[in-house]
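Student: Below is the file run_1.tsv, with TSV, C-alpha atoms.
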```tsv
chain	number	residue	atom	x	y	z
A	1	MET	CA	123.84	93.88	105.47
A	2	SER	CA	123.13	96.03	102.43
A	3	GLY	CA	120.38	96.85	99.96
A	4	ASN	CA	116.73	96.71	100.96
A	5	TYR	CA	117.06	93.94	103.56
A	6	ARG	CA	116.51	95.09	107.15
A	7	SER	CA	117.47	91.89	108.99
A	8	VAL	CA	118.82	88.39	108.46
A	9	PHE	CA	115.20	87.13	108.65
A	10	ASP	CA	114.45	88.90	105.35
A	11	ILE	CA	116.92	86.47	103.73
A	12	ILE	CA	116.08	83.30	105.70
A	13	GLY	CA	112.39	83.85	105.12
A	14	PRO	CA	109.25	83.65	107.26
A	15	ILE	CA	107.46	80.71	108.84
A	16	MET	CA	105.20	79.67	105.98
A	17	VAL	CA	103.32	77.09	103.97
A	18	GLY	CA	105.81	76.05	101.24
A	19	PRO	CA	107.32	75.37	98.90
A	20	SER	CA	109.11	78.67	98.19
A	21	SER	CA	109.73	81.83	100.19
A	22	SER	CA	109.96	83.86	96.98
A	23	HIS	CA	107.14	82.26	95.00
A	24	THR	CA	104.79	81.36	97.86
A	25	ALA	CA	105.36	83.52	100.95
A	26	GLY	CA	106.24	86.53	98.81
A	27	ALA	CA	103.13	85.99	96.71
A	28	VAL	CA	100.98	85.92	99.88
A	29	ALA	CA	102.47	89.30	100.80
A	30	ILE	CA	101.73	90.74	97.33
A	31	GLY	CA	98.11	89.59	97.54
A	32	LYS	CA	97.76	91.01	101.04
A	33	ALA	CA	99.26	94.37	100.02
A	34	ALA	CA	96.93	94.58	97.02
A	35	ARG	CA	93.92	93.87	99.25
A	36	ALA	CA	95.05	96.57	101.71
A	37	ILE	CA	95.42	99.13	98.92
A	38	PHE	CA	92.01	98.19	97.48
A	39	GLN	CA	90.55	98.59	101.02
A	40	GLU	CA	87.81	95.99	100.65
A	41	LEU	CA	87.28	92.43	99.48
A	42	PRO	CA	87.27	92.59	95.66
A	43	LYS	CA	84.73	90.81	93.50
A	44	LYS	CA	87.12	90.19	90.61
A	45	VAL	CA	90.89	89.86	90.44
A	46	THR	CA	93.03	89.25	87.36
A	47	VAL	CA	96.64	88.33	88.16
A	48	HIS	CA	99.18	88.97	85.40
A	49	TYR	CA	102.38	86.95	85.84
A	50	TYR	CA	105.68	87.87	84.20
A	51	GLU	CA	109.00	86.07	83.66
A	52	SER	CA	109.79	83.56	86.43
A	53	PHE	CA	106.32	83.84	87.98
A	54	ALA	CA	104.75	83.15	84.58
A	55	GLN	CA	106.88	80.03	84.14
A	56	THR	CA	106.66	78.47	87.60
A	57	HIS	CA	103.50	79.74	89.33
A	58	ARG	CA	101.68	76.41	89.21
A	59	GLY	CA	104.49	74.28	90.60
A	60	HIS	CA	105.47	76.74	93.32
A	61	GLY	CA	101.98	77.45	94.64
A	62	THR	CA	101.95	81.10	93.60
A	63	ASP	CA	98.28	80.92	92.58
A	64	PHE	CA	97.00	79.78	95.96
A	65	ALA	CA	99.44	82.14	97.69
A	66	ILE	CA	98.11	85.21	95.85
A	67	ALA	CA	94.55	84.12	96.65
A	68	ALA	CA	95.50	83.61	100.30
A	69	GLY	CA	96.90	87.13	100.53
A	70	ILE	CA	93.73	88.58	99.02
A	71	MET	CA	91.74	86.64	101.61
A	72	GLY	CA	93.94	88.08	104.36
A	73	PHE	CA	95.60	84.81	105.43
A	74	PRO	CA	99.14	84.87	106.90
A	75	PRO	CA	101.79	82.81	105.07
A	76	ASP	CA	101.77	80.06	107.72
A	77	ASP	CA	97.98	79.59	107.70
A	78	ALA	CA	96.90	76.00	107.00
A	79	ARG	CA	94.19	77.40	104.70
A	80	VAL	CA	96.74	78.84	102.23
A	81	PRO	CA	96.62	75.86	99.80
A	82	MET	CA	92.81	75.99	99.83
A	83	ALA	CA	92.61	79.75	99.25
A	84	PRO	CA	91.36	79.67	95.60
A	85	GLU	CA	88.39	77.49	96.58
A	86	LEU	CA	87.70	79.61	99.67
A	87	ALA	CA	87.89	82.79	97.58
A	88	LYS	CA	85.40	81.32	95.11
A	89	LYS	CA	83.00	80.52	97.97
A	90	ALA	CA	83.40	84.12	99.16
A	91	GLY	CA	82.28	85.37	95.74
A	92	ILE	CA	85.71	86.39	94.41
A	93	ASP	CA	86.53	85.56	90.79
A	94	ILE	CA	90.34	85.18	90.55
A	95	ARG	CA	91.99	84.51	87.21
A	96	PHE	CA	95.66	84.02	86.36
A	97	VAL	CA	97.32	85.11	83.11
A	98	GLU	CA	100.81	84.16	81.92
A	99	GLU	CA	102.16	87.22	80.13
A	100	GLN	CA	104.90	87.19	77.51
A	101	GLY	CA	107.87	89.51	77.50
A	102	PRO	CA	109.74	91.33	80.25
A	103	SER	CA	108.25	92.53	83.52
A	104	PRO	CA	106.98	96.11	83.28
A	105	ILE	CA	108.32	96.71	86.80
A	106	GLN	CA	111.74	95.17	86.04
A	107	HIS	CA	111.82	92.07	88.22
A	108	PRO	CA	111.52	88.37	87.25
A	109	ASN	CA	109.11	87.53	90.09
A	110	THR	CA	106.35	89.92	89.06
A	111	ALA	CA	102.61	89.80	89.66
A	112	ILE	CA	100.40	92.68	88.59
A	113	LEU	CA	96.90	92.49	90.08
A	114	ASP	CA	93.82	94.17	88.65
A	115	LEU	CA	91.18	94.36	91.41
A	116	SER	CA	87.57	95.40	90.93
A	117	ASP	CA	84.35	95.58	92.92
A	118	GLY	CA	82.48	94.75	89.72
A	119	ALA	CA	81.31	98.34	89.31
A	120	HIS	CA	83.35	101.56	89.46
A	121	HIS	CA	86.11	100.78	91.98
A	122	ASN	CA	89.19	99.59	90.10
A	123	THR	CA	92.77	99.39	91.33
A	124	GLN	CA	95.96	97.91	89.90
A	125	VAL	CA	98.92	96.90	92.07
A	126	GLY	CA	102.27	95.78	90.67
A	127	GLY	CA	104.40	93.79	93.11
A	128	CYS	CA	107.53	91.69	92.96
A	129	SER	CA	108.96	89.10	95.32
A	130	VAL	CA	112.60	89.95	96.03
A	131	GLY	CA	113.58	86.98	98.21
A	132	GLY	CA	113.03	85.55	101.66
A	133	GLY	CA	109.32	86.42	101.60
A	134	ALA	CA	110.07	90.15	101.18
A	135	ILE	CA	108.28	92.12	98.47
A	136	GLU	CA	108.32	95.48	96.76
A	137	ILE	CA	105.30	97.40	95.45
A	138	ARG	CA	106.58	99.24	92.40
A	139	SER	CA	103.37	100.48	90.76
A	140	ILE	CA	99.89	101.45	91.92
A	141	LYS	CA	97.07	102.61	89.66
A	142	VAL	CA	93.90	104.05	91.22
A	143	GLN	CA	91.06	105.02	88.89
A	144	GLY	CA	93.53	105.31	86.02
A	145	VAL	CA	96.06	107.43	87.93
A	146	GLU	CA	99.45	105.76	88.33
A	147	LEU	CA	101.96	106.04	91.18
A	148	HIS	CA	105.46	104.60	91.35
A	149	PRO	CA	106.64	103.99	94.94
A	150	THR	CA	110.33	103.37	95.56
A	151	GLY	CA	109.44	99.70	96.03
A	152	PRO	CA	110.25	98.43	99.53
A	153	LEU	CA	107.49	98.61	102.12
A	154	PRO	CA	106.21	100.34	104.15
A	155	ILE	CA	104.18	102.91	102.26
A	156	VAL	CA	101.18	105.01	103.29
A	157	LEU	CA	98.42	106.07	100.89
A	158	TYR	CA	96.05	108.90	101.77
A	159	LEU	CA	93.13	110.07	99.61
A	160	ASP	CA	92.36	113.68	100.49
A	161	ARG	CA	88.83	114.50	99.38
A	162	ASP	CA	88.82	117.93	101.06
A	163	LYS	CA	92.24	119.10	99.78
A	164	ASN	CA	93.20	119.93	103.34
A	165	LYS	CA	96.84	120.99	102.99
A	166	PRO	CA	97.48	121.63	106.72
A	167	LEU	CA	96.22	118.11	107.52
A	168	VAL	CA	98.43	116.54	104.86
A	169	ASN	CA	101.47	118.54	105.99
A	170	GLY	CA	100.81	117.41	109.56
A	171	LEU	CA	100.57	113.82	108.37
A	172	ALA	CA	103.89	114.15	106.53
A	173	LYS	CA	105.60	115.57	109.62
A	174	MET	CA	104.20	112.78	111.80
A	175	LEU	CA	105.39	110.10	109.36
A	176	ASP	CA	108.83	111.67	109.06
A	177	ARG	CA	109.17	111.88	112.83
A	178	SER	CA	107.96	108.30	113.37
A	179	ALA	CA	109.34	106.41	110.38
A	180	LYS	CA	111.58	108.80	108.38
A	181	LEU	CA	110.13	109.75	105.00
A	182	LYS	CA	111.95	108.56	101.89
A	183	LYS	CA	109.68	109.96	99.17
A	184	ARG	CA	106.36	111.77	98.79
A	185	GLN	CA	104.12	111.90	95.71
A	186	THR	CA	100.84	113.63	94.93
A	187	LYS	CA	98.41	112.78	92.13
A	188	LEU	CA	95.02	114.22	91.23
A	189	VAL	CA	92.30	111.55	91.18
A	190	HIS	CA	89.14	113.15	89.80
A	191	ASP	CA	88.41	115.92	92.32
A	192	CYS	CA	90.56	114.41	95.10
A	193	GLU	CA	94.28	114.37	95.81
A	194	LEU	CA	96.04	111.03	96.35
A	195	TYR	CA	99.19	111.14	98.46
A	196	GLU	CA	101.75	108.38	98.62
A	197	PHE	CA	104.48	108.32	101.28
A	198	ASP	CA	107.49	105.97	101.18
A	199	MET	CA	109.13	105.38	104.56
A	200	PHE	CA	112.32	103.81	105.88
A	201	LYS	CA	110.75	102.18	108.95
A	202	TYR	CA	107.48	100.46	109.84
A	203	LEU	CA	105.07	102.27	112.12
A	204	LYS	CA	104.34	100.84	115.54
A	205	PRO	CA	100.76	99.69	116.31
A	206	GLN	CA	100.02	102.75	118.43
A	207	GLN	CA	101.24	105.02	115.65
A	208	ILE	CA	98.97	103.27	113.13
A	209	ALA	CA	96.06	103.73	115.57
A	210	GLU	CA	96.93	107.43	115.78
A	211	LEU	CA	96.89	107.72	111.99
A	212	LYS	CA	93.48	106.08	111.76
```
Starting from the file, give its structure as structure tokens.
Tutor:
Amino acid sequence: MSGNYRSVFDIIGPIMVGPSSSHTAGAVAIGKAARAIFQELPKKVTVHYYESFAQTHRGHGTDFAIAAGIMGFPPDDARVPMAPELAKKAGIDIRFVEEQGPSPIQHPNTAILDLSDGAHHNTQVGGCSVGGGAIEIRSIKVQGVELHPTGPLPIVLYLDRDKNKPLVNGLAKMLDRSAKLKKRQTKLVHDCELYEFDMFKYLKPQQIAELK
């Protein structure tokens, strides 16, 4: 097996609410990743679709799948088709825009989400569904500062408000030991430093608990 697939299940796809592993299950994963990066339930989300997503999102359930991911539902949750209505009841305004032209992150199944708390917290996440329910996050913009991960998950984001270099170096060593680092980026966000780590392997639950 080659490329970014880690197992045959990445190709077969997950247990899910249909109709499409790429356009539905993958879209749930993009919404969920965007919510995780935003770190709270957003008040407003604008979803920009490109290429195949822009042409087929209604028929393939991509709209309710994105909303389900933002709400934190798994792809096999019976509430997935009802997610837009449930999001509205939760006070989330989700809008969908069909964009013209090529994907800015170079994939036909592209959704770029602008998330906001309605005040000063704004984040943009660009994701694409690469098949079998698997996704890549190819762009992240936090408070106007843009990062470009390698794409495949997992990634770790850390906002260092104290500019504690020894702590960050310790974090990098722990991630490399546990999951093998692929790439590391640093960006200045106002008076803080935002670190982004791309890894080859997913962390185990106890390792995530240790990070927290």
Student: Hey, what's within 7 Å of segment 113-126 of chain A if we count all atoms listed in the file and toss same-chain stuff fewer than 5 positions away? As a PyMOL selection string, please?
Tutor: chain A and resi 34+38+42-48+137-143
Student: Here is a test: counting all atoms listed in the file, which residue of A:Gly101, A:Pro166, A:Gly31, A:Pro75 is nearest to Cys128 of chain A?
Tutor: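 Checking each candidate against Cys128 of chain A, we get A:Gly31 as the closest.
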Student: As a ChimeraX atom specification, please: the residues near segment 60-66 of chain A (cut-off 8 Å, all atoms listed in the file, same-chain neighbours under 3 positions excluded).
Tutor: /A:18-20,23-25,27-32,53,56-57,69-70,75,80-84,96
Student: Residues within 7 Å of Thr186 of chain A, please, as a PyMOL selection string. Count only C-alpha atoms; anything in the same chain fewer than 6 positions from it doesn't count.
Tutor: chain A and resi 193-196
Student: With C-alpha atoms retained, export the selected residues as an mmCIF file, keeping the file's coordinate frame.
Tutor:
```cif
data_model
loop_
_atom_site.group_PDB
_atom_site.id
_atom_site.type_symbol
_atom_site.label_atom_id
_atom_site.label_comp_id
_atom_site.auth_asym_id
_atom_site.auth_seq_id
_atom_site.Cartn_x
_atom_site.Cartn_y
_atom_site.Cartn_z
ATOM 1 C CA GLU A 193 94.280 114.370 95.810
ATOM 2 C CA LEU A 194 96.040 111.030 96.350
ATOM 3 C CA TYR A 195 99.190 111.140 98.460
ATOM 4 C CA GLU A 196 101.750 108.380 98.620
#
```
Student: Which one is closest to Ile94 of chain A: A:Val168, A:Met71, A:Ala78, A:Ala36? Count all atoms listed in the file.
Tutor: A:Met71
Student: Point out the residue among A:Pro152, A:Glu99, A:Leu41, A:Gly127 with the least atom-to-atom distance to Ala87 of chain A, counting all atoms listed in the file.
Tutor: A:Leu41
Student: To one decimal place in Å, what is the distance between atom CA of Ala179 of chain A and atom CA of Met199 of chain A?
Tutor: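 These atoms are spaced 5.9 Å apart.
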Student: Can you work out which one of A:Ser178, A:Lys165, A:Ala67, A:Leu171 has the shortest atom-to-atom distance to Arg35 of chain A, counting all atoms listed in the file?
Tutor: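 Ranked by minimum distance to Arg35 of chain A, first place goes to A:Ala67.
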Student: Which polymer residues, protein or nucleic acid, are no farther than 12 Å from (100.8, 114.8, 101.4), counting all atoms listed in the file, as a short mmCIF file (atom, residue, chain, number, x, y, z; two decimals) with C-alpha atoms, keeping the file's coordinate frame?
Tutor:
```cif
data_model
loop_
_atom_site.label_atom_id
_atom_site.label_comp_id
_atom_site.auth_asym_id
_atom_site.auth_seq_id
_atom_site.Cartn_x
_atom_site.Cartn_y
_atom_site.Cartn_z
CA VAL A 156 101.18 105.01 103.29
CA LEU A 157 98.42 106.07 100.89
CA TYR A 158 96.05 108.90 101.77
CA LEU A 159 93.13 110.07 99.61
CA ASP A 160 92.36 113.68 100.49
CA LYS A 163 92.24 119.10 99.78
CA ASN A 164 93.20 119.93 103.34
CA LYS A 165 96.84 120.99 102.99
CA PRO A 166 97.48 121.63 106.72
CA LEU A 167 96.22 118.11 107.52
CA VAL A 168 98.43 116.54 104.86
CA ASN A 169 101.47 118.54 105.99
CA GLY A 170 100.81 117.41 109.56
CA LEU A 171 100.57 113.82 108.37
CA ALA A 172 103.89 114.15 106.53
CA LYS A 173 105.60 115.57 109.62
CA MET A 174 104.20 112.78 111.80
CA LEU A 175 105.39 110.10 109.36
CA ASP A 176 108.83 111.67 109.06
CA LEU A 181 110.13 109.75 105.00
CA LYS A 183 109.68 109.96 99.17
CA ARG A 184 106.36 111.77 98.79
CA GLN A 185 104.12 111.90 95.71
CA THR A 186 100.84 113.63 94.93
CA LYS A 187 98.41 112.78 92.13
CA LEU A 188 95.02 114.22 91.23
CA GLU A 193 94.28 114.37 95.81
CA LEU A 194 96.04 111.03 96.35
CA TYR A 195 99.19 111.14 98.46
CA GLU A 196 101.75 108.38 98.62
CA PHE A 197 104.48 108.32 101.28
CA ASP A 198 107.49 105.97 101.18
#
```
Student: Compare A:Glu146, A:Glu210, A:Glu85, A:Asp77 by their minimum atom-to-atom distance to Val189 of chain A, counting all atoms listed in the file, and give me the closest one.
Tutor: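 Of all the options, A:Glu146 lies closest to Val189 of chain A.
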Student: Work out how far apart atom CA of Ile135 of chain A and atom CA of Thr150 of chain A are and give it in Å to one decimal.
Tutor: 11.8 Å
Student: Enter the distance from atom CA of Ala111 of chain A to atom CA of Tyr50 of chain A, in Å, rounded to one decimal.
Tutor: 6.6 Å
